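Here's my_file06.cif, which has mmCIF, C-alpha atoms (C1' of nucleotides):
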```cif
data_coords
loop_
_atom_site.group_PDB
_atom_site.id
_atom_site.type_symbol
_atom_site.label_atom_id
_atom_site.label_comp_id
_atom_site.auth_asym_id
_atom_site.auth_seq_id
_atom_site.Cartn_x
_atom_site.Cartn_y
_atom_site.Cartn_z
ATOM 1 C CA MET A 1 37.452 57.434 59.768
ATOM 2 C CA ASN A 2 37.906 60.777 61.480
ATOM 3 C CA LYS A 3 37.395 61.552 65.139
ATOM 4 C CA GLU A 4 33.900 62.967 64.777
ATOM 5 C CA GLN A 5 32.687 59.994 62.758
ATOM 6 C CA LEU A 6 34.171 57.497 65.177
ATOM 7 C CA LEU A 7 32.554 59.094 68.205
ATOM 8 C CA LYS A 8 29.181 59.370 66.505
ATOM 9 C CA LYS A 9 29.255 55.726 65.456
ATOM 10 C CA LEU A 10 30.274 54.620 68.913
ATOM 11 C CA GLY A 11 27.528 56.692 70.515
ATOM 12 C CA SER A 12 24.951 55.309 68.111
ATOM 13 C CA ARG A 13 26.033 51.754 68.821
ATOM 14 C CA ILE A 14 25.743 52.266 72.558
ATOM 15 C CA ARG A 15 22.315 53.798 72.137
ATOM 16 C CA ILE A 16 21.154 50.858 70.049
ATOM 17 C CA ILE A 17 22.363 48.333 72.595
ATOM 18 C CA ARG A 18 20.759 50.281 75.426
ATOM 19 C CA ILE A 19 17.404 50.361 73.662
ATOM 20 C CA GLU A 20 17.672 46.673 72.794
ATOM 21 C CA LYS A 21 18.094 46.022 76.495
ATOM 22 C CA GLY A 22 14.995 48.112 77.205
ATOM 23 C CA MET A 23 16.809 50.655 79.335
ATOM 24 C CA THR A 24 16.434 54.406 79.536
ATOM 25 C CA GLN A 25 19.463 56.710 79.700
ATOM 26 C CA GLY A 26 18.658 57.292 83.360
ATOM 27 C CA GLU A 27 18.452 53.601 84.148
ATOM 28 C CA LEU A 28 21.769 52.856 82.487
ATOM 29 C CA ALA A 29 23.316 55.785 84.301
ATOM 30 C CA ASN A 30 21.995 54.771 87.708
ATOM 31 C CA SER A 31 23.143 51.200 87.267
ATOM 32 C CA ILE A 32 26.736 52.358 87.098
ATOM 33 C CA GLY A 33 26.669 55.386 89.369
ATOM 34 C CA LYS A 34 26.493 58.047 86.684
ATOM 35 C CA ASP A 35 23.780 60.435 85.656
ATOM 36 C CA GLN A 36 21.592 60.797 82.623
ATOM 37 C CA GLN A 37 23.412 63.783 81.177
ATOM 38 C CA SER A 38 26.660 61.872 81.049
ATOM 39 C CA ILE A 39 25.075 59.087 79.027
ATOM 40 C CA GLN A 40 23.394 61.571 76.739
ATOM 41 C CA ARG A 41 26.705 63.281 76.036
ATOM 42 C CA LEU A 42 28.277 59.929 75.207
ATOM 43 C CA GLU A 43 25.492 58.728 72.912
ATOM 44 C CA SER A 44 25.428 62.013 71.038
ATOM 45 C CA GLY A 45 29.134 61.670 70.236
ATOM 46 C CA ARG A 46 30.109 64.941 71.867
ATOM 47 C CA VAL A 47 32.948 63.410 73.897
ATOM 48 C CA ASN A 48 35.911 61.137 73.357
ATOM 49 C CA PRO A 49 35.416 58.744 76.277
ATOM 50 C CA SER A 50 38.123 56.896 78.151
ATOM 51 C CA VAL A 51 38.511 53.144 78.108
ATOM 52 C CA PHE A 52 37.494 52.748 81.719
ATOM 53 C CA TYR A 53 34.393 54.852 81.234
ATOM 54 C CA LEU A 54 33.388 52.549 78.374
ATOM 55 C CA HIS A 55 34.214 49.548 80.528
ATOM 56 C CA GLU A 56 31.637 50.781 83.032
ATOM 57 C CA ILE A 57 29.134 51.367 80.249
ATOM 58 C CA ALA A 58 29.668 47.799 79.056
ATOM 59 C CA LEU A 59 29.009 46.554 82.577
ATOM 60 C CA GLY A 60 25.786 48.549 82.741
ATOM 61 C CA LEU A 61 24.682 47.150 79.397
ATOM 62 C CA ASP A 62 25.774 43.627 80.325
ATOM 63 C CA VAL A 63 27.956 43.224 77.243
ATOM 64 C CA GLU A 64 31.665 42.731 76.697
ATOM 65 C CA LEU A 65 33.801 45.828 76.237
ATOM 66 C CA LYS A 66 34.892 44.694 72.799
ATOM 67 C CA ASP A 67 31.256 44.436 71.718
ATOM 68 C CA LEU A 68 30.994 48.212 71.835
ATOM 69 C CA PHE A 69 33.518 48.424 68.999
ATOM 70 C CA HIS A 70 31.862 46.432 66.274
ATOM 71 C CA ILE A 71 31.559 49.608 64.298
ATOM 72 C CA MET B 72 38.069 43.982 86.985
ATOM 73 C CA ASN B 73 39.192 47.246 88.510
ATOM 74 C CA LYS B 74 40.601 50.243 86.707
ATOM 75 C CA GLU B 75 44.236 49.440 87.373
ATOM 76 C CA GLN B 76 43.888 45.838 86.179
ATOM 77 C CA LEU B 77 42.050 46.871 83.037
ATOM 78 C CA LEU B 78 44.663 49.421 82.052
ATOM 79 C CA LYS B 79 47.535 47.043 82.720
ATOM 80 C CA LYS B 80 45.940 44.309 80.651
ATOM 81 C CA LEU B 81 45.226 46.686 77.813
ATOM 82 C CA GLY B 82 48.764 47.991 77.869
ATOM 83 C CA SER B 83 50.192 44.482 77.878
ATOM 84 C CA ARG B 84 48.030 43.480 74.948
ATOM 85 C CA ILE B 85 49.144 46.480 72.930
ATOM 86 C CA ARG B 86 52.760 45.738 73.721
ATOM 87 C CA ILE B 87 52.370 42.130 72.611
ATOM 88 C CA ILE B 88 50.782 43.135 69.324
ATOM 89 C CA ARG B 89 53.477 45.745 68.721
ATOM 90 C CA ILE B 90 56.242 43.236 69.283
ATOM 91 C CA GLU B 91 54.500 40.658 67.090
ATOM 92 C CA LYS B 92 54.536 43.255 64.335
ATOM 93 C CA GLY B 93 58.249 43.807 64.906
ATOM 94 C CA MET B 94 57.898 47.452 65.805
ATOM 95 C CA THR B 95 59.638 49.521 68.462
ATOM 96 C CA GLN B 96 57.758 52.000 70.636
ATOM 97 C CA GLY B 97 59.336 54.790 68.610
ATOM 98 C CA GLU B 98 58.332 53.295 65.291
ATOM 99 C CA LEU B 99 54.731 52.845 66.383
ATOM 100 C CA ALA B 100 54.720 56.374 67.725
ATOM 101 C CA ASN B 101 56.155 57.905 64.561
ATOM 102 C CA SER B 102 53.723 56.042 62.351
ATOM 103 C CA ILE B 103 50.842 57.869 63.986
ATOM 104 C CA GLY B 104 52.426 61.196 64.812
ATOM 105 C CA LYS B 105 53.082 60.571 68.487
ATOM 106 C CA ASP B 106 56.246 60.095 70.448
ATOM 107 C CA GLN B 107 57.836 57.210 72.260
ATOM 108 C CA GLN B 108 57.014 58.411 75.751
ATOM 109 C CA SER B 109 53.327 58.455 74.967
ATOM 110 C CA ILE B 110 53.400 54.820 73.872
ATOM 111 C CA GLN B 111 55.459 53.844 76.880
ATOM 112 C CA ARG B 112 52.931 55.447 79.220
ATOM 113 C CA LEU B 113 50.122 53.566 77.496
ATOM 114 C CA GLU B 114 51.809 50.163 77.530
ATOM 115 C CA SER B 115 52.740 50.498 81.188
ATOM 116 C CA GLY B 116 49.095 51.065 82.103
ATOM 117 C CA ARG B 117 49.697 54.436 83.707
ATOM 118 C CA VAL B 118 46.929 56.193 81.770
ATOM 119 C CA ASN B 119 43.279 55.641 80.933
ATOM 120 C CA PRO B 120 43.379 56.355 77.204
ATOM 121 C CA SER B 121 40.575 57.793 75.120
ATOM 122 C CA VAL B 122 38.813 55.863 72.399
ATOM 123 C CA PHE B 123 40.232 57.992 69.624
ATOM 124 C CA TYR B 124 43.746 57.609 70.960
ATOM 125 C CA LEU B 125 43.301 53.838 70.848
ATOM 126 C CA HIS B 126 41.833 54.133 67.376
ATOM 127 C CA GLU B 127 45.075 55.744 66.261
ATOM 128 C CA ILE B 128 47.087 53.038 68.009
ATOM 129 C CA ALA B 129 45.064 50.397 66.168
ATOM 130 C CA LEU B 130 45.832 52.142 62.873
ATOM 131 C CA GLY B 131 49.531 52.161 63.710
ATOM 132 C CA LEU B 132 49.442 48.471 64.558
ATOM 133 C CA ASP B 133 47.317 47.653 61.508
ATOM 134 C CA VAL B 134 44.633 45.910 63.542
ATOM 135 C CA GLU B 135 40.966 46.604 64.195
ATOM 136 C CA LEU B 136 40.078 48.725 67.184
ATOM 137 C CA LYS B 137 38.042 45.909 68.698
ATOM 138 C CA ASP B 138 41.069 43.615 68.525
ATOM 139 C CA LEU B 139 42.727 45.664 71.262
ATOM 140 C CA PHE B 140 39.993 44.569 73.683
ATOM 141 C CA HIS B 141 40.275 40.815 73.591
ATOM 142 C CA ILE B 142 41.364 40.955 77.202
ATOM 143 C "C1'" DA C 143 -3.991 72.116 81.266
ATOM 144 C "C1'" DT C 144 -1.050 70.086 84.195
ATOM 145 C "C1'" DG C 145 2.459 67.069 85.655
ATOM 146 C "C1'" DG C 146 5.797 63.467 85.000
ATOM 147 C "C1'" DG C 147 9.064 60.720 82.225
ATOM 148 C "C1'" DG C 148 12.564 60.694 78.838
ATOM 149 C "C1'" DC C 149 15.891 63.117 76.333
ATOM 150 C "C1'" DA C 150 18.785 67.185 74.836
ATOM 151 C "C1'" DC C 151 22.134 70.977 75.524
ATOM 152 C "C1'" DA C 152 25.119 74.390 78.051
ATOM 153 C "C1'" DA C 153 28.368 75.662 81.479
ATOM 154 C "C1'" DC C 154 31.125 75.183 85.513
ATOM 155 C "C1'" DA C 155 34.954 73.114 88.413
ATOM 156 C "C1'" DG C 156 38.008 69.517 89.235
ATOM 157 C "C1'" DA C 157 40.426 65.738 87.586
ATOM 158 C "C1'" DT C 158 42.847 63.520 83.964
ATOM 159 C "C1'" DT C 159 44.886 62.870 79.452
ATOM 160 C "C1'" DT C 160 48.103 64.152 75.968
ATOM 161 C "C1'" DG C 161 52.111 66.367 73.811
ATOM 162 C "C1'" DT C 162 56.462 67.578 75.040
ATOM 163 C "C1'" DT C 163 61.075 67.998 77.053
ATOM 164 C "C1'" DG C 164 64.502 66.134 79.831
ATOM 165 C "C1'" DT C 165 66.976 62.478 81.873
ATOM 166 C "C1'" DC C 166 68.246 57.854 83.153
ATOM 167 C "C1'" DT C 167 68.957 52.755 82.660
ATOM 168 C "C1'" DT C 168 69.316 48.696 79.937
ATOM 169 C "C1'" DT C 169 70.231 46.321 75.794
ATOM 170 C "C1'" DT C 170 72.529 45.598 71.499
ATOM 171 C "C1'" DA C 171 76.074 46.049 68.202
ATOM 172 C "C1'" DA C 172 80.611 47.423 66.742
ATOM 173 C "C1'" DT D 173 84.628 49.211 76.176
ATOM 174 C "C1'" DT D 174 82.101 52.467 73.787
ATOM 175 C "C1'" DA D 175 78.296 54.231 71.375
ATOM 176 C "C1'" DA D 176 73.770 54.032 69.742
ATOM 177 C "C1'" DA D 177 69.153 52.213 70.163
ATOM 178 C "C1'" DA D 178 65.311 51.092 72.970
ATOM 179 C "C1'" DG D 179 62.721 51.684 76.807
ATOM 180 C "C1'" DA D 180 61.436 53.747 81.448
ATOM 181 C "C1'" DC D 181 59.954 57.599 84.493
ATOM 182 C "C1'" DA D 182 58.941 62.527 85.952
ATOM 183 C "C1'" DA D 183 57.033 67.012 85.308
ATOM 184 C "C1'" DC D 184 55.020 70.819 82.876
ATOM 185 C "C1'" DA D 185 51.243 73.204 80.129
ATOM 186 C "C1'" DA D 186 47.305 72.858 77.406
ATOM 187 C "C1'" DA D 187 43.489 70.440 76.149
ATOM 188 C "C1'" DT D 188 39.821 67.478 77.315
ATOM 189 C "C1'" DC D 189 36.928 64.445 80.041
ATOM 190 C "C1'" DT D 190 33.744 63.748 83.811
ATOM 191 C "C1'" DG D 191 30.481 64.871 87.480
ATOM 192 C "C1'" DT D 192 27.193 68.048 88.366
ATOM 193 C "C1'" DT D 193 23.586 71.565 88.169
ATOM 194 C "C1'" DG D 194 20.332 73.999 85.634
ATOM 195 C "C1'" DT D 195 17.202 74.323 82.007
ATOM 196 C "C1'" DG D 196 14.173 73.297 78.083
ATOM 197 C "C1'" DC D 197 11.531 70.380 74.800
ATOM 198 C "C1'" DC D 198 8.404 66.681 73.510
ATOM 199 C "C1'" DC D 199 5.207 63.080 74.457
ATOM 200 C "C1'" DC D 200 1.697 60.943 77.127
ATOM 201 C "C1'" DA D 201 -1.531 60.202 80.744
ATOM 202 C "C1'" DT D 202 -4.490 62.254 84.164
#
```

Written form, structure tokens:
Amino acid sequence: MNKEQLLKKLGSRIRIIRIEKGMTQGELANSIGKDQQSIQRLESGRVNPSVFYLHEIALGLDVELKDLFHI
Amino acid sequence: MNKEQLLKKLGSRIRIIRIEKGMTQGELANSIGKDQQSIQRLESGRVNPSVFYLHEIALGLDVELKDLFHI
DNA sequence: ATGGGGCACAACAGATTTGTTGTCTTTTAA
DNA sequence: TTAAAAGACAACAAATCTGTTGTGCCCCAT
């Protein structure tokens, strides 16, 4: 799996979890002190996020960090 | 869990897996085109690594990416 | 038709990671 | 004891992330 594929899969997984939880990008962002554009960039796979950033995302989604990587 | 704790735990877990596999920092590094100092910095928890970097680490350790996060 | 909510993309500055080189200490083996 | 291997830390440049602002599109309700 190359870098682009990995980031797109990760972004898609996060988006799916967010929608399952009934949250908007803005709501997820606000819950962890970020803004909508940052979440959008992540879900679209345009960045290679850091572990701690994903840790915060997991908190906002109320899932375990490792659950973001079932990809 | 704060940032510092997370990164230290992640680094420790990677170190444990590496040693279980009988690899040195240099061997892990070489197997994925990095160098020893980069692995050392990761295992000591002094950096907040990117997802793709950890993906490469997982390849070098022959484990799944999600396995690095059982912390 | 107008306005608001949700989402997408670009660009900027500042902060941070990553690759790299250099050096040092500790451990292991001869 | 000596040398080599393994690991630790610092600092630099280049690349990249992250926070932020600005903007635009689409859908839906008023």

Name the residues that the PyMOL selection byres ((chain C) within 9 of (chain A)) pulls out of this structure, and write them as a ChimeraX atom specification. /C:148-151

At a cut-off of 9 Å, which residues of chain D touch chain A? Count all atoms listed in the file and give the answer as a CSV table (one decimal) with C-alpha atoms (C1' of nucleotides), in the frame of the given file.
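Final output, selection.csv:
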```csv
chain,number,residue,atom,x,y,z
D,188,DT,C1',39.8,67.5,77.3
D,189,DC,C1',36.9,64.4,80.0
D,190,DT,C1',33.7,63.7,83.8
D,191,DG,C1',30.5,64.9,87.5
D,192,DT,C1',27.2,68.0,88.4
```

Kindly provide the residues of chain A that approach chain B to within 7 Å, each paired with its closest atom pair and their distance in Å to one decimal, based on only C-alpha atoms, listed by chain and increasing number, as CSV.
```
residue,atom,partner,partner_atom,distance
A:Lys3,CA,B:Phe123,CA,6.4
A:Asn48,CA,B:Ser121,CA,6.0
A:Pro49,CA,B:Ser121,CA,5.4
A:Ser50,CA,B:Ser121,CA,4.0
A:Val51,CA,B:Ser121,CA,5.9
A:Phe52,CA,B:Lys74,CA,6.4
A:Leu65,CA,B:Phe140,CA,6.8
A:Lys66,CA,B:Phe140,CA,5.2
A:Phe69,CA,B:Lys137,CA,5.2
A:His70,CA,B:Lys137,CA,6.7
```

Hey, what comes out of the PyMOL selection byres ((chain B and resi 89) around 12) on this file? Could you write it as a ChimeraX atom specification? /B:82-88,90-100,110-111,114,128-134,139

Using all atoms listed in the file, collect all residues at a distance of at most 12 Å from (63.0, 61.8, 82.2) as written in the file, then present them as a ChimeraX atom specification. /B:108 /C:162-167 /D:179-183

In Å, rounded to a single decimal, give me how far atom CA of Asn101 of chain B is from atom C1' of DT168 of chain C. 22.2 Å

At the level of all heavy atoms, write segment 111-126 of chain B to a file as a compact mmCIF listing (two decimals), in the first residue's frame, please.
```
# COMPACT_ATOMS: atom_id res chain seq x y z
N GLN B 111 15.83 5.65 16.89
CA GLN B 111 16.12 5.97 18.29
C GLN B 111 15.22 7.11 18.77
O GLN B 111 14.64 7.06 19.86
CB GLN B 111 17.59 6.36 18.42
CG GLN B 111 18.10 6.33 19.85
CD GLN B 111 17.75 7.56 20.62
OE1 GLN B 111 17.71 8.65 20.09
NE2 GLN B 111 17.47 7.39 21.91
N ARG B 112 15.07 8.11 17.93
CA ARG B 112 14.23 9.27 18.27
C ARG B 112 12.78 8.83 18.46
O ARG B 112 12.09 9.34 19.35
CB ARG B 112 14.35 10.28 17.12
CG ARG B 112 14.06 11.67 17.44
CD ARG B 112 14.66 12.63 16.39
NE ARG B 112 14.58 12.11 15.03
CZ ARG B 112 15.12 12.72 13.98
NH1 ARG B 112 15.77 13.87 14.13
NH2 ARG B 112 15.01 12.21 12.77
N LEU B 113 12.33 7.91 17.63
CA LEU B 113 10.96 7.40 17.74
C LEU B 113 10.78 6.61 19.03
O LEU B 113 9.83 6.86 19.80
CB LEU B 113 10.66 6.51 16.53
CG LEU B 113 9.37 5.70 16.59
CD1 LEU B 113 8.15 6.61 16.57
CD2 LEU B 113 9.30 4.70 15.45
N GLU B 114 11.67 5.68 19.29
CA GLU B 114 11.51 4.81 20.46
C GLU B 114 11.63 5.59 21.77
O GLU B 114 11.03 5.21 22.77
CB GLU B 114 12.56 3.69 20.43
CG GLU B 114 12.31 2.66 19.34
CD GLU B 114 13.27 1.47 19.42
OE1 GLU B 114 14.20 1.50 20.26
OE2 GLU B 114 13.07 0.51 18.65
N SER B 115 12.37 6.67 21.75
CA SER B 115 12.53 7.46 22.98
C SER B 115 11.34 8.39 23.22
O SER B 115 11.29 9.06 24.25
CB SER B 115 13.82 8.26 22.92
OG SER B 115 13.75 9.26 21.92
N GLY B 116 10.43 8.46 22.25
CA GLY B 116 9.24 9.29 22.43
C GLY B 116 9.47 10.77 22.24
O GLY B 116 8.69 11.59 22.69
N ARG B 117 10.56 11.12 21.55
CA ARG B 117 10.87 12.53 21.37
C ARG B 117 10.21 13.16 20.16
O ARG B 117 10.37 14.36 19.93
CB ARG B 117 12.40 12.74 21.32
CG ARG B 117 12.98 13.02 22.70
CD ARG B 117 14.48 13.23 22.66
NE ARG B 117 15.17 12.03 22.25
CZ ARG B 117 16.02 11.98 21.22
NH1 ARG B 117 16.28 13.06 20.53
NH2 ARG B 117 16.60 10.85 20.90
N VAL B 118 9.50 12.36 19.36
CA VAL B 118 8.77 12.91 18.22
C VAL B 118 7.35 12.36 18.16
O VAL B 118 7.02 11.35 18.78
CB VAL B 118 9.47 12.61 16.88
CG1 VAL B 118 10.73 13.44 16.74
CG2 VAL B 118 9.76 11.14 16.76
N ASN B 119 6.53 13.05 17.41
CA ASN B 119 5.12 12.74 17.22
C ASN B 119 4.98 12.27 15.77
O ASN B 119 4.69 13.05 14.89
CB ASN B 119 4.33 14.03 17.46
CG ASN B 119 2.85 13.87 17.27
OD1 ASN B 119 2.32 12.76 17.24
ND2 ASN B 119 2.16 15.00 17.14
N PRO B 120 5.23 10.98 15.54
CA PRO B 120 5.41 10.51 14.16
C PRO B 120 4.13 10.56 13.33
O PRO B 120 3.02 10.52 13.87
CB PRO B 120 5.87 9.07 14.35
CG PRO B 120 5.28 8.66 15.65
CD PRO B 120 5.30 9.88 16.50
N SER B 121 4.32 10.60 12.03
CA SER B 121 3.18 10.58 11.11
C SER B 121 2.69 9.15 10.91
O SER B 121 3.41 8.18 11.18
CB SER B 121 3.58 11.18 9.77
OG SER B 121 4.49 10.32 9.11
N VAL B 122 1.47 9.04 10.43
CA VAL B 122 0.89 7.74 10.16
C VAL B 122 1.72 6.94 9.16
O VAL B 122 1.97 5.75 9.36
CB VAL B 122 -0.54 7.90 9.61
CG1 VAL B 122 -1.03 6.62 8.97
CG2 VAL B 122 -1.47 8.31 10.72
N PHE B 123 2.15 7.59 8.10
CA PHE B 123 2.88 6.84 7.08
C PHE B 123 4.24 6.38 7.60
O PHE B 123 4.70 5.28 7.26
CB PHE B 123 3.05 7.67 5.81
CG PHE B 123 3.58 6.86 4.66
CD1 PHE B 123 2.83 5.83 4.10
CD2 PHE B 123 4.84 7.11 4.15
CE1 PHE B 123 3.33 5.06 3.06
CE2 PHE B 123 5.35 6.33 3.09
CZ PHE B 123 4.58 5.32 2.56
N TYR B 124 4.85 7.19 8.42
CA TYR B 124 6.11 6.78 9.04
C TYR B 124 5.89 5.50 9.85
O TYR B 124 6.65 4.53 9.75
CB TYR B 124 6.64 7.91 9.92
CG TYR B 124 7.98 7.65 10.55
CD1 TYR B 124 9.16 8.01 9.92
CD2 TYR B 124 8.06 7.05 11.80
CE1 TYR B 124 10.39 7.77 10.50
CE2 TYR B 124 9.29 6.81 12.40
CZ TYR B 124 10.43 7.17 11.74
OH TYR B 124 11.65 6.93 12.33
N LEU B 125 4.81 5.49 10.63
CA LEU B 125 4.52 4.30 11.44
C LEU B 125 4.13 3.12 10.57
O LEU B 125 4.40 1.96 10.92
CB LEU B 125 3.40 4.61 12.44
CG LEU B 125 3.80 5.58 13.55
CD1 LEU B 125 2.61 5.90 14.42
CD2 LEU B 125 4.93 4.99 14.38
N HIS B 126 3.52 3.39 9.46
CA HIS B 126 3.19 2.33 8.51
C HIS B 126 4.48 1.64 8.04
O HIS B 126 4.55 0.40 7.95
CB HIS B 126 2.44 2.93 7.33
CG HIS B 126 2.17 2.01 6.19
ND1 HIS B 126 1.30 0.95 6.28
CD2 HIS B 126 2.66 1.98 4.93
CE1 HIS B 126 1.27 0.31 5.11
NE2 HIS B 126 2.09 0.91 4.28
```
